[in-house]
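What's in my_file-v9.csv: CSV, C-alpha atoms and all ligand atoms
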```
chain,number,residue,atom,x,y,z
A,29,MET,CA,130.7,281.9,211.4
A,30,SER,CA,131.0,278.2,212.2
A,31,GLY,CA,130.5,277.0,215.7
A,32,THR,CA,133.6,274.8,215.7
A,33,ALA,CA,137.1,276.1,216.3
A,34,PRO,CA,138.9,277.2,213.1
A,35,ALA,CA,141.9,275.3,211.9
A,36,ILE,CA,143.8,278.6,211.4
A,37,GLN,CA,143.0,282.1,212.9
A,38,LEU,CA,145.3,285.1,212.3
A,39,THR,CA,144.5,288.4,213.9
A,40,ASP,CA,146.5,291.6,213.1
A,41,VAL,CA,149.6,289.7,212.0
A,42,ARG,CA,152.6,291.7,210.9
A,43,PHE,CA,155.8,290.3,209.8
A,44,ALA,CA,159.1,291.6,208.3
A,45,TYR,CA,162.4,289.9,207.6
A,46,GLY,CA,164.8,291.6,210.1
A,47,LYS,CA,164.8,295.3,209.5
A,48,GLY,CA,163.4,294.9,206.0
A,49,PRO,CA,160.0,296.1,204.7
A,50,THR,CA,156.7,294.7,206.1
A,51,VAL,CA,155.9,291.6,204.1
A,52,LEU,CA,152.7,290.7,205.9
A,53,ASP,CA,150.0,293.0,207.4
A,54,ILE,CA,147.0,290.8,207.7
A,55,PRO,CA,144.0,292.1,209.8
A,56,SER,CA,142.2,288.8,209.7
A,57,PHE,CA,142.6,285.4,208.1
A,58,ARG,CA,140.6,282.3,209.1
A,59,VAL,CA,140.5,278.8,207.7
A,60,GLU,CA,137.7,276.6,209.0
A,61,ALA,CA,138.3,273.0,210.2
A,62,LYS,CA,138.2,270.6,207.2
A,63,GLU,CA,138.1,273.5,204.7
A,64,ARG,CA,140.1,273.3,201.5
A,65,VAL,CA,141.5,276.7,200.6
A,66,PHE,CA,143.3,277.7,197.5
A,67,LEU,CA,145.7,280.6,198.0
A,68,PHE,CA,147.3,282.5,195.1
A,69,GLY,CA,149.1,285.7,194.4
A,70,PRO,CA,152.0,287.2,192.5
A,71,SER,CA,155.5,286.0,193.1
A,72,GLY,CA,157.0,287.9,196.0
A,73,SER,CA,153.6,288.7,197.5
A,74,GLY,CA,154.3,286.8,200.7
A,75,LYS,CA,152.6,283.4,200.3
A,76,THR,CA,155.6,281.3,201.5
A,77,THR,CA,156.1,283.8,204.3
A,78,LEU,CA,152.5,283.5,205.4
A,79,LEU,CA,152.8,279.7,205.4
A,80,GLY,CA,156.0,279.9,207.4
A,81,VAL,CA,154.4,282.1,210.1
A,82,MET,CA,151.4,279.7,210.4
A,83,ALA,CA,153.6,276.6,210.5
A,84,GLY,CA,155.8,278.1,213.2
A,85,VAL,CA,158.8,278.1,210.9
A,86,LEU,CA,159.2,281.9,211.1
A,87,ALA,CA,159.1,283.6,214.4
A,88,GLY,CA,159.3,287.3,215.2
A,89,TYR,CA,155.8,288.4,214.0
A,90,SER,CA,153.3,290.5,215.9
A,91,GLY,CA,149.7,289.7,216.4
A,92,GLY,CA,147.9,286.4,217.0
A,93,VAL,CA,148.4,283.1,215.2
A,94,GLU,CA,146.3,280.2,216.3
A,95,VAL,CA,146.7,276.9,214.6
A,96,LEU,CA,144.5,273.9,215.6
A,97,GLY,CA,143.6,275.9,218.7
A,98,ARG,CA,147.2,276.5,219.8
A,99,ASP,CA,148.7,280.0,220.1
A,100,ILE,CA,152.0,279.4,218.2
A,101,ALA,CA,153.7,282.3,220.0
A,102,LYS,CA,153.3,280.6,223.3
A,103,LEU,CA,155.4,277.6,222.2
A,104,SER,CA,159.2,277.4,222.4
A,105,GLY,CA,161.2,276.7,219.3
A,106,SER,CA,161.4,273.0,220.1
A,107,GLN,CA,157.7,272.8,221.0
A,108,ARG,CA,156.8,274.4,217.7
A,109,ASP,CA,158.9,271.8,215.9
A,110,ALA,CA,157.2,269.0,217.8
A,111,PHE,CA,153.8,270.5,217.2
A,112,ARG,CA,154.5,270.8,213.4
A,113,GLY,CA,155.8,267.2,213.2
A,114,SER,CA,152.8,265.8,215.1
A,115,HIS,CA,149.9,267.8,213.6
A,116,LEU,CA,151.0,269.4,210.3
A,117,GLY,CA,151.9,268.1,206.9
A,118,TYR,CA,154.0,270.8,205.3
A,119,ILE,CA,155.1,270.5,201.7
A,120,PHE,CA,157.8,273.2,201.5
A,121,GLN,CA,158.2,275.1,198.2
A,122,LEU,CA,161.9,273.9,198.1
A,123,PHE,CA,160.9,270.5,199.6
A,124,ASN,CA,163.3,270.7,202.6
A,125,LEU,CA,164.3,267.0,202.3
A,126,ILE,CA,167.1,265.7,204.5
A,127,PRO,CA,169.9,265.1,202.0
A,128,TYR,CA,171.8,262.3,203.8
A,129,LEU,CA,168.6,260.2,204.3
A,130,SER,CA,167.0,257.8,201.9
A,131,VAL,CA,163.6,258.3,200.3
A,132,MET,CA,162.0,255.9,202.8
A,133,GLU,CA,163.8,257.6,205.8
A,134,ASN,CA,162.6,261.0,204.6
A,135,ILE,CA,159.0,259.9,204.2
A,136,THR,CA,158.8,258.2,207.6
A,137,LEU,CA,160.7,260.9,209.5
A,138,PRO,CA,157.7,262.8,211.0
A,139,CYS,CA,156.1,259.5,212.1
A,140,ARG,CA,159.4,258.3,213.6
A,141,LEU,CA,159.7,261.6,215.6
A,142,SER,CA,156.1,261.7,216.8
A,143,ALA,CA,154.3,258.8,218.5
A,144,GLU,CA,151.0,260.8,218.1
A,145,ARG,CA,151.4,260.9,214.4
A,146,ARG,CA,152.6,257.3,214.2
A,147,ALA,CA,149.5,256.2,216.1
A,148,ARG,CA,147.3,257.6,213.3
A,149,LEU,CA,148.6,254.8,211.1
A,150,LYS,CA,146.2,252.7,213.1
A,151,GLY,CA,148.4,249.7,213.4
A,152,VAL,CA,149.8,249.6,209.8
A,153,PRO,CA,153.6,249.1,210.1
A,154,LEU,CA,155.4,252.4,209.3
A,155,GLU,CA,157.3,251.2,206.3
A,156,GLN,CA,154.2,249.5,204.9
A,157,GLY,CA,152.3,252.7,205.2
A,158,ALA,CA,155.1,254.6,203.5
A,159,HIS,CA,155.3,252.1,200.7
A,160,ALA,CA,151.6,252.5,200.0
A,161,VAL,CA,151.8,256.3,199.8
A,162,ALA,CA,154.9,256.1,197.7
A,163,GLN,CA,153.2,253.6,195.3
A,164,ARG,CA,150.3,256.0,194.8
A,165,LEU,CA,152.8,258.8,193.9
A,166,GLY,CA,154.9,256.5,191.6
A,167,ILE,CA,158.1,256.7,193.8
A,168,ASP,CA,157.9,253.2,195.3
A,169,GLU,CA,160.9,252.0,193.3
A,170,LEU,CA,163.0,254.8,194.6
A,171,LEU,CA,162.6,254.1,198.4
A,172,THR,CA,166.1,253.0,199.0
A,173,LYS,CA,167.7,255.8,197.0
A,174,ARG,CA,169.2,258.9,198.5
A,175,VAL,CA,167.0,261.9,197.8
A,176,THR,CA,169.9,263.8,196.3
A,177,ASN,CA,170.0,261.3,193.5
A,178,LEU,CA,166.4,262.1,192.4
A,179,SER,CA,165.0,264.4,189.8
A,180,VAL,CA,163.2,267.5,191.0
A,181,GLY,CA,159.8,266.1,190.3
A,182,GLN,CA,160.6,262.9,192.2
A,183,GLN,CA,161.9,265.0,195.1
A,184,GLN,CA,158.6,266.9,195.2
A,185,ARG,CA,156.7,263.6,195.4
A,186,VAL,CA,158.9,262.5,198.3
A,187,ALA,CA,158.0,265.8,200.1
A,188,ALA,CA,154.3,265.1,199.3
A,189,ALA,CA,154.5,261.6,200.6
A,190,ARG,CA,156.2,262.8,203.8
A,191,SER,CA,153.5,265.3,204.4
A,192,LEU,CA,150.6,262.8,204.0
A,193,LEU,CA,151.9,259.8,206.0
A,194,GLY,CA,150.3,259.8,209.4
A,195,THR,CA,147.4,261.9,208.1
A,196,PRO,CA,148.1,265.2,209.9
A,197,GLU,CA,145.1,267.4,210.8
A,198,LEU,CA,146.4,270.3,208.7
A,199,ILE,CA,148.1,270.1,205.3
A,200,ILE,CA,150.0,273.1,204.2
A,201,ALA,CA,151.2,272.8,200.6
A,202,ASP,CA,153.4,275.4,199.0
A,203,GLU,CA,153.2,275.0,195.2
A,204,PRO,CA,153.3,271.2,195.6
A,205,THR,CA,152.6,270.5,191.9
A,206,SER,CA,155.1,273.0,190.4
A,207,SER,CA,157.5,270.3,189.2
A,208,LEU,CA,155.0,267.6,188.4
A,209,ASP,CA,153.9,266.4,184.9
A,210,TYR,CA,150.2,266.1,184.2
A,211,ASP,CA,149.9,262.4,185.2
A,212,HIS,CA,151.8,262.8,188.4
A,213,ARG,CA,149.9,265.9,189.3
A,214,GLU,CA,146.6,264.1,188.9
A,215,LYS,CA,147.7,261.2,191.0
A,216,PHE,CA,149.0,263.5,193.7
A,217,LEU,CA,145.8,265.6,193.8
A,218,GLU,CA,143.7,262.4,194.0
A,219,LEU,CA,145.7,261.1,196.9
A,220,LEU,CA,145.7,264.5,198.6
A,221,PHE,CA,142.0,265.0,198.5
A,222,GLU,CA,141.2,261.4,199.4
A,223,SER,CA,143.6,261.5,202.3
A,224,CYS,CA,142.1,264.9,203.6
A,225,ALA,CA,138.6,263.6,203.2
A,226,ALA,CA,139.3,260.3,205.0
A,227,ALA,CA,141.1,262.0,207.9
A,228,GLY,CA,139.0,265.1,208.1
A,229,SER,CA,142.1,267.2,207.5
A,230,THR,CA,142.2,270.9,206.6
A,231,LEU,CA,144.0,271.9,203.5
A,232,LEU,CA,145.7,275.2,202.6
A,233,PHE,CA,147.1,274.9,199.1
A,234,VAL,CA,149.3,277.6,197.5
A,235,SER,CA,149.6,277.5,193.7
A,236,HIS,CA,150.1,279.6,190.6
A,237,ASP,CA,148.1,277.0,188.7
A,238,ARG,CA,144.6,278.6,188.5
A,239,SER,CA,143.3,275.6,186.6
A,240,LEU,CA,143.2,273.8,190.0
A,241,MET,CA,141.3,276.4,191.9
A,242,HIS,CA,137.8,275.1,191.2
A,243,LEU,CA,138.7,271.9,193.2
A,244,PHE,CA,138.7,273.9,196.4
A,245,ASP,CA,136.0,275.2,198.8
A,246,ARG,CA,137.4,278.7,198.8
A,247,GLN,CA,139.9,280.7,196.7
A,248,LEU,CA,141.8,283.6,198.2
A,249,SER,CA,144.3,286.1,196.8
A,250,LEU,CA,147.0,287.0,199.2
A,251,PRO,CA,147.1,290.7,198.1
A,252,ASP,CA,143.4,290.9,198.9
A,253,ILE,CA,144.0,289.9,202.6
A,254,ASN,CA,147.4,291.6,203.0
A,255,ARG,CA,147.5,295.4,203.6
A,256,ALA,CA,151.3,295.3,203.1
A,257,GLY,CA,150.9,294.5,199.4
A,258,ALA,CA,154.3,293.6,198.0
A,301,LIG,N1,164.6,284.9,203.9
A,301,LIG,C1,164.3,286.0,203.5
A,301,LIG,N2,165.0,287.2,203.9
A,301,LIG,C2,164.6,288.4,203.5
A,301,LIG,N3,163.5,288.6,202.6
A,301,LIG,C3,162.8,287.5,202.2
A,301,LIG,C4,163.2,286.2,202.6
A,301,LIG,N4,162.3,285.4,202.1
A,301,LIG,C5,161.4,286.1,201.3
A,301,LIG,N5,161.8,287.4,201.4
A,301,LIG,C6,161.0,288.6,200.8
A,301,LIG,O1,159.7,288.5,201.3
A,301,LIG,C7,158.8,288.8,200.2
A,301,LIG,C8,157.8,287.7,200.1
A,301,LIG,O2,158.5,286.5,199.7
A,301,LIG,P1,157.7,285.1,199.7
A,301,LIG,O3,158.8,284.0,199.4
A,301,LIG,O4,156.8,284.9,200.8
A,301,LIG,O5,156.8,285.3,198.3
A,301,LIG,P2,155.9,284.2,197.5
A,301,LIG,O6,154.6,284.9,197.4
A,301,LIG,O7,155.9,282.9,198.2
A,301,LIG,O8,156.6,284.2,196.1
A,301,LIG,P3,156.8,283.0,195.1
A,301,LIG,O9,155.4,282.9,194.3
A,301,LIG,O10,157.9,283.4,194.2
A,301,LIG,O11,157.1,281.7,195.8
A,301,LIG,C9,159.6,289.0,199.0
A,301,LIG,O12,159.7,290.4,198.8
A,301,LIG,C10,160.9,288.4,199.3
A,301,LIG,O13,162.0,289.1,198.6
A,302,MG,MG,156.6,281.1,197.6
```
Give the structure from this file in structure tokens form.
Ligand SMILES: Nc1ncnc2c1ncn2[C@@H]1O[C@H](COP(=O)(O)OP(=O)(O)OP(=O)(O)O)[C@@H](O)[C@H]1O
Ligand SMILES: [Mg+2]
Amino acid sequence: MSGTAPAIQLTDVRFAYGKGPTVLDIPSFRVEAKERVFLFGPSGSGKTTLLGVMAGVLAGYSGGVEVLGRDIAKLSGSQRDAFRGSHLGYIFQLFNLIPYLSVMENITLPCRLSAERRARLKGVPLEQGAHAVAQRLGIDELLTKRVTNLSVGQQQRVAAARSLLGTPELIIADEPTSSLDYDHREKFLELLFESCAAAGSTLLFVSHDRSLMHLFDRQLSLPDINRAGA
């Protein structure tokens, strides 16, 4: 076991949606700081649910969830939102872009809401930083457009840019390449790994694309760590 605090530590976590069946029953799950973990498993096995619990999006679980040293259960709803905005870059499976905002406004939103995250731009003006990330992902010509006017693959790259701007300590990516063609996938992965290495960020990456798994420090199957199965 490493001497430094883990980025994520789950202990005896159980979760069900309402009165439905148990989706997660995880005795122990730990991701070390700066580790790059690839998580896979069949559709419906609970990957998105697990990410939602760790990111403080889903409440109502039992057991312990510590993220970047914080016990998520001890935070109120608004504190969890603020914590996520400041410290996590979350690429949601369904993107969760704000439909009435432009691409630029979506990408810069977490940094506009969190002074701590904005400070990690190290003096680079916010829109300049956003433009640089957008350029790497090939969406710089779309910055003034509304996100609802974009293709699905373009929206996924907006979600990726939003998660990376302000280099959060923990990146949680839920099938972030599912709608990308080969070239855009390569550009995204290059930027993702470069950004994590430069900032010392931890990466938890969920994907069905096993051709990517060798790029990671560790590969985990959700059914293997989840007693609930699915
Ligand atoms: N909002 C919800 N309400 C009730 N049940 C849900 C909800 N979201 C997911 N589930 C159920 O929880 C289980 C796990 O779903 P989850 O989305 O976590 O799977 P997944 O591994 O991410 O699947 P996929 O690979 O298709 O994205 C499934 O049985 C699903 O039907
Ligand atoms: Mg999912």
Produce a table with one row for each residue of chain A that has an atom at most 8 Å from any atom of ligand MG 302 (chain A), each row naming the nearest atom pair and its distance in Å at one decimal; use only C-alpha atoms and all ligand atoms; arrange rows by chain and rising residue number; format as JSON lines.
```
{"residue": "A:Ser71", "atom": "CA", "partner": "A:MG302", "partner_atom": "MG", "distance": 6.7}
{"residue": "A:Gly72", "atom": "CA", "partner": "A:MG302", "partner_atom": "MG", "distance": 7.0}
{"residue": "A:Gly74", "atom": "CA", "partner": "A:MG302", "partner_atom": "MG", "distance": 6.9}
{"residue": "A:Lys75", "atom": "CA", "partner": "A:MG302", "partner_atom": "MG", "distance": 5.3}
{"residue": "A:Thr76", "atom": "CA", "partner": "A:MG302", "partner_atom": "MG", "distance": 4.0}
{"residue": "A:Thr77", "atom": "CA", "partner": "A:MG302", "partner_atom": "MG", "distance": 7.2}
{"residue": "A:Gln121", "atom": "CA", "partner": "A:MG302", "partner_atom": "MG", "distance": 6.2}
{"residue": "A:Asp202", "atom": "CA", "partner": "A:MG302", "partner_atom": "MG", "distance": 6.7}
{"residue": "A:Glu203", "atom": "CA", "partner": "A:MG302", "partner_atom": "MG", "distance": 7.4}
```
Can you list every residue of chain A that has an atom at most 12 Å from ligand LIG 301 (chain A), with its nearest atom pair and the distance in Å to one decimal, using only C-alpha atoms and all ligand atoms, ordered by chain then number, as CSV?
```
residue,atom,partner,partner_atom,distance
A:Phe43,CA,A:LIG301,O1,9.5
A:Ala44,CA,A:LIG301,O1,7.7
A:Tyr45,CA,A:LIG301,C2,4.9
A:Gly46,CA,A:LIG301,C2,7.3
A:Lys47,CA,A:LIG301,C2,9.1
A:Gly48,CA,A:LIG301,C2,7.1
A:Pro49,CA,A:LIG301,O12,8.2
A:Thr50,CA,A:LIG301,O1,8.4
A:Val51,CA,A:LIG301,C7,5.6
A:Leu52,CA,A:LIG301,C8,8.3
A:Asp53,CA,A:LIG301,C8,11.9
A:Leu67,CA,A:LIG301,O6,9.9
A:Phe68,CA,A:LIG301,O6,8.0
A:Gly69,CA,A:LIG301,O6,6.3
A:Pro70,CA,A:LIG301,O9,5.8
A:Ser71,CA,A:LIG301,O9,3.3
A:Gly72,CA,A:LIG301,O5,3.5
A:Ser73,CA,A:LIG301,O6,3.9
A:Gly74,CA,A:LIG301,O4,3.1
A:Lys75,CA,A:LIG301,O6,3.8
A:Thr76,CA,A:LIG301,O7,3.7
A:Thr77,CA,A:LIG301,O4,3.7
A:Leu78,CA,A:LIG301,O4,6.5
A:Leu79,CA,A:LIG301,O4,8.0
A:Gly80,CA,A:LIG301,O4,8.3
A:Val81,CA,A:LIG301,O4,10.0
A:Val85,CA,A:LIG301,N1,11.4
A:Leu86,CA,A:LIG301,N1,9.5
A:Ala87,CA,A:LIG301,N1,11.9
A:Phe120,CA,A:LIG301,O11,10.3
A:Gln121,CA,A:LIG301,O11,7.1
A:Leu122,CA,A:LIG301,O11,9.4
A:Ala201,CA,A:LIG301,O7,11.4
A:Asp202,CA,A:LIG301,O7,7.9
A:Glu203,CA,A:LIG301,O11,7.8
A:Pro204,CA,A:LIG301,O11,11.2
A:Ser206,CA,A:LIG301,O11,10.4
A:Phe233,CA,A:LIG301,O7,11.9
A:Val234,CA,A:LIG301,O7,8.5
A:Ser235,CA,A:LIG301,O9,7.9
A:His236,CA,A:LIG301,O9,7.3
A:Asp237,CA,A:LIG301,O9,10.9
A:Ser249,CA,A:LIG301,O6,10.4
A:Leu250,CA,A:LIG301,O6,8.1
A:Pro251,CA,A:LIG301,O6,9.5
A:Asn254,CA,A:LIG301,O6,11.3
A:Ala256,CA,A:LIG301,C7,10.3
A:Gly257,CA,A:LIG301,C8,9.7
A:Ala258,CA,A:LIG301,O12,6.3
```
For Ser90 (chain A), which residue among A:Val152, A:Leu38, A:Leu116, A:Ala162 is the nearest when counting all atoms listed in the file?
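The shortest atom-to-atom distance to Ser90 (chain A) comes from A:Leu38.
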Kindly give the distance, in Å, that separates CA of Arg42 (chain A) and CA of Ala187 (chain A), rounded to a single decimal.
28.6 Å
Please determine, counting all atoms listed in the file, which residue among A:His115, A:Lys173, A:His242, A:Arg255 has the shortest atom-to-atom distance to Leu198 (chain A).
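Checking each candidate against Leu198 (chain A), we get A:His115 as the closest.
Rounded to one decimal, CA of Ser114 (chain A) and CA of Val175 (chain A) lie 22.7 Å from each other.
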Quote the spacing between CA of Arg164 (chain A) and CA of Phe66 (chain A) in Å to one decimal place.
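Straight-line distance from CA of Arg164 (chain A) to CA of Phe66 (chain A) works out to 23.0 Å.
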Residues at most 12 Å from Glu214 (chain A), counting only C-alpha atoms, excluding those fewer than 2 positions away in the same chain, as a PDB file with C-alpha atoms, in the coordinates of the input?
```pdb
ATOM      1  CA  ARG A 164     150.300 256.000 194.800  1.00  0.00           C
ATOM      2  CA  LEU A 165     152.800 258.800 193.900  1.00  0.00           C
ATOM      3  CA  GLY A 166     154.900 256.500 191.600  1.00  0.00           C
ATOM      4  CA  PRO A 204     153.300 271.200 195.600  1.00  0.00           C
ATOM      5  CA  THR A 205     152.600 270.500 191.900  1.00  0.00           C
ATOM      6  CA  LEU A 208     155.000 267.600 188.400  1.00  0.00           C
ATOM      7  CA  ASP A 209     153.900 266.400 184.900  1.00  0.00           C
ATOM      8  CA  TYR A 210     150.200 266.100 184.200  1.00  0.00           C
ATOM      9  CA  ASP A 211     149.900 262.400 185.200  1.00  0.00           C
ATOM     10  CA  HIS A 212     151.800 262.800 188.400  1.00  0.00           C
ATOM     11  CA  PHE A 216     149.000 263.500 193.700  1.00  0.00           C
ATOM     12  CA  LEU A 217     145.800 265.600 193.800  1.00  0.00           C
ATOM     13  CA  GLU A 218     143.700 262.400 194.000  1.00  0.00           C
ATOM     14  CA  LEU A 219     145.700 261.100 196.900  1.00  0.00           C
ATOM     15  CA  LEU A 220     145.700 264.500 198.600  1.00  0.00           C
ATOM     16  CA  PHE A 221     142.000 265.000 198.500  1.00  0.00           C
ATOM     17  CA  LEU A 240     143.200 273.800 190.000  1.00  0.00           C
ATOM     18  CA  LEU A 243     138.700 271.900 193.200  1.00  0.00           C
TER      19      LEU A 243
END
```
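With distances restricted to only C-alpha atoms, A:Met132 is the closest residue to His159 (chain A) from A:Ile126, A:Leu178, A:Met132, A:Val95.
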Which one is closest to Leu192 (chain A): A:Gly117, A:Gly228, A:Pro127, A:Gly88? Count all atoms listed in the file.
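Of the candidates, the smallest distance to Leu192 (chain A) is held by A:Gly117.
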Nearest residue to Tyr118 (chain A) from the set A:Gly84, A:Gly157, A:Pro55, A:Gly91 (distances using all atoms listed in the file):
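Among the listed residues, the smallest separation from Tyr118 (chain A) belongs to A:Gly84.
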Nearest to Ser142 (chain A) by atom-to-atom distance, counting only C-alpha atoms, from A:Gln107, A:Gln163, A:Ser207, A:Gln156:
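Nearest to Ser142 (chain A): A:Gln107.
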Near Phe57 (chain A), within 8 Å and counting only C-alpha atoms, which residues show up once chain neighbours fewer than 5 positions away are dropped, as number ranges by chain?
A: 36-39, 253
Got a sec: who's within 8 Å of region 133-138 of chain A, counting all atoms listed in the file, leaving out chain neighbours fewer than 2 positions off, as a PyMOL selection string?
chain A and resi 113-114+125-126+129-131+140-142+145+154-155+158+186-187+189-191+193
Would you pick out the contacts of region 62-65 of chain A at 6 Å or less, using all atoms listed in the file, so that residues sharing its chain but fewer than 4 positions from it are not included, and give the list as a PDB file with C-alpha atoms, keeping the file's coordinate frame?
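What follows is the written file selection.pdb:
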```
ATOM      1  CA  GLY A 228     139.000 265.100 208.100  1.00  0.00           C
ATOM      2  CA  SER A 229     142.100 267.200 207.500  1.00  0.00           C
ATOM      3  CA  THR A 230     142.200 270.900 206.600  1.00  0.00           C
ATOM      4  CA  LEU A 231     144.000 271.900 203.500  1.00  0.00           C
ATOM      5  CA  LEU A 232     145.700 275.200 202.600  1.00  0.00           C
ATOM      6  CA  PHE A 244     138.700 273.900 196.400  1.00  0.00           C
ATOM      7  CA  ASP A 245     136.000 275.200 198.800  1.00  0.00           C
ATOM      8  CA  ARG A 246     137.400 278.700 198.800  1.00  0.00           C
ATOM      9  CA  GLN A 247     139.900 280.700 196.700  1.00  0.00           C
TER      10      GLN A 247
END
```
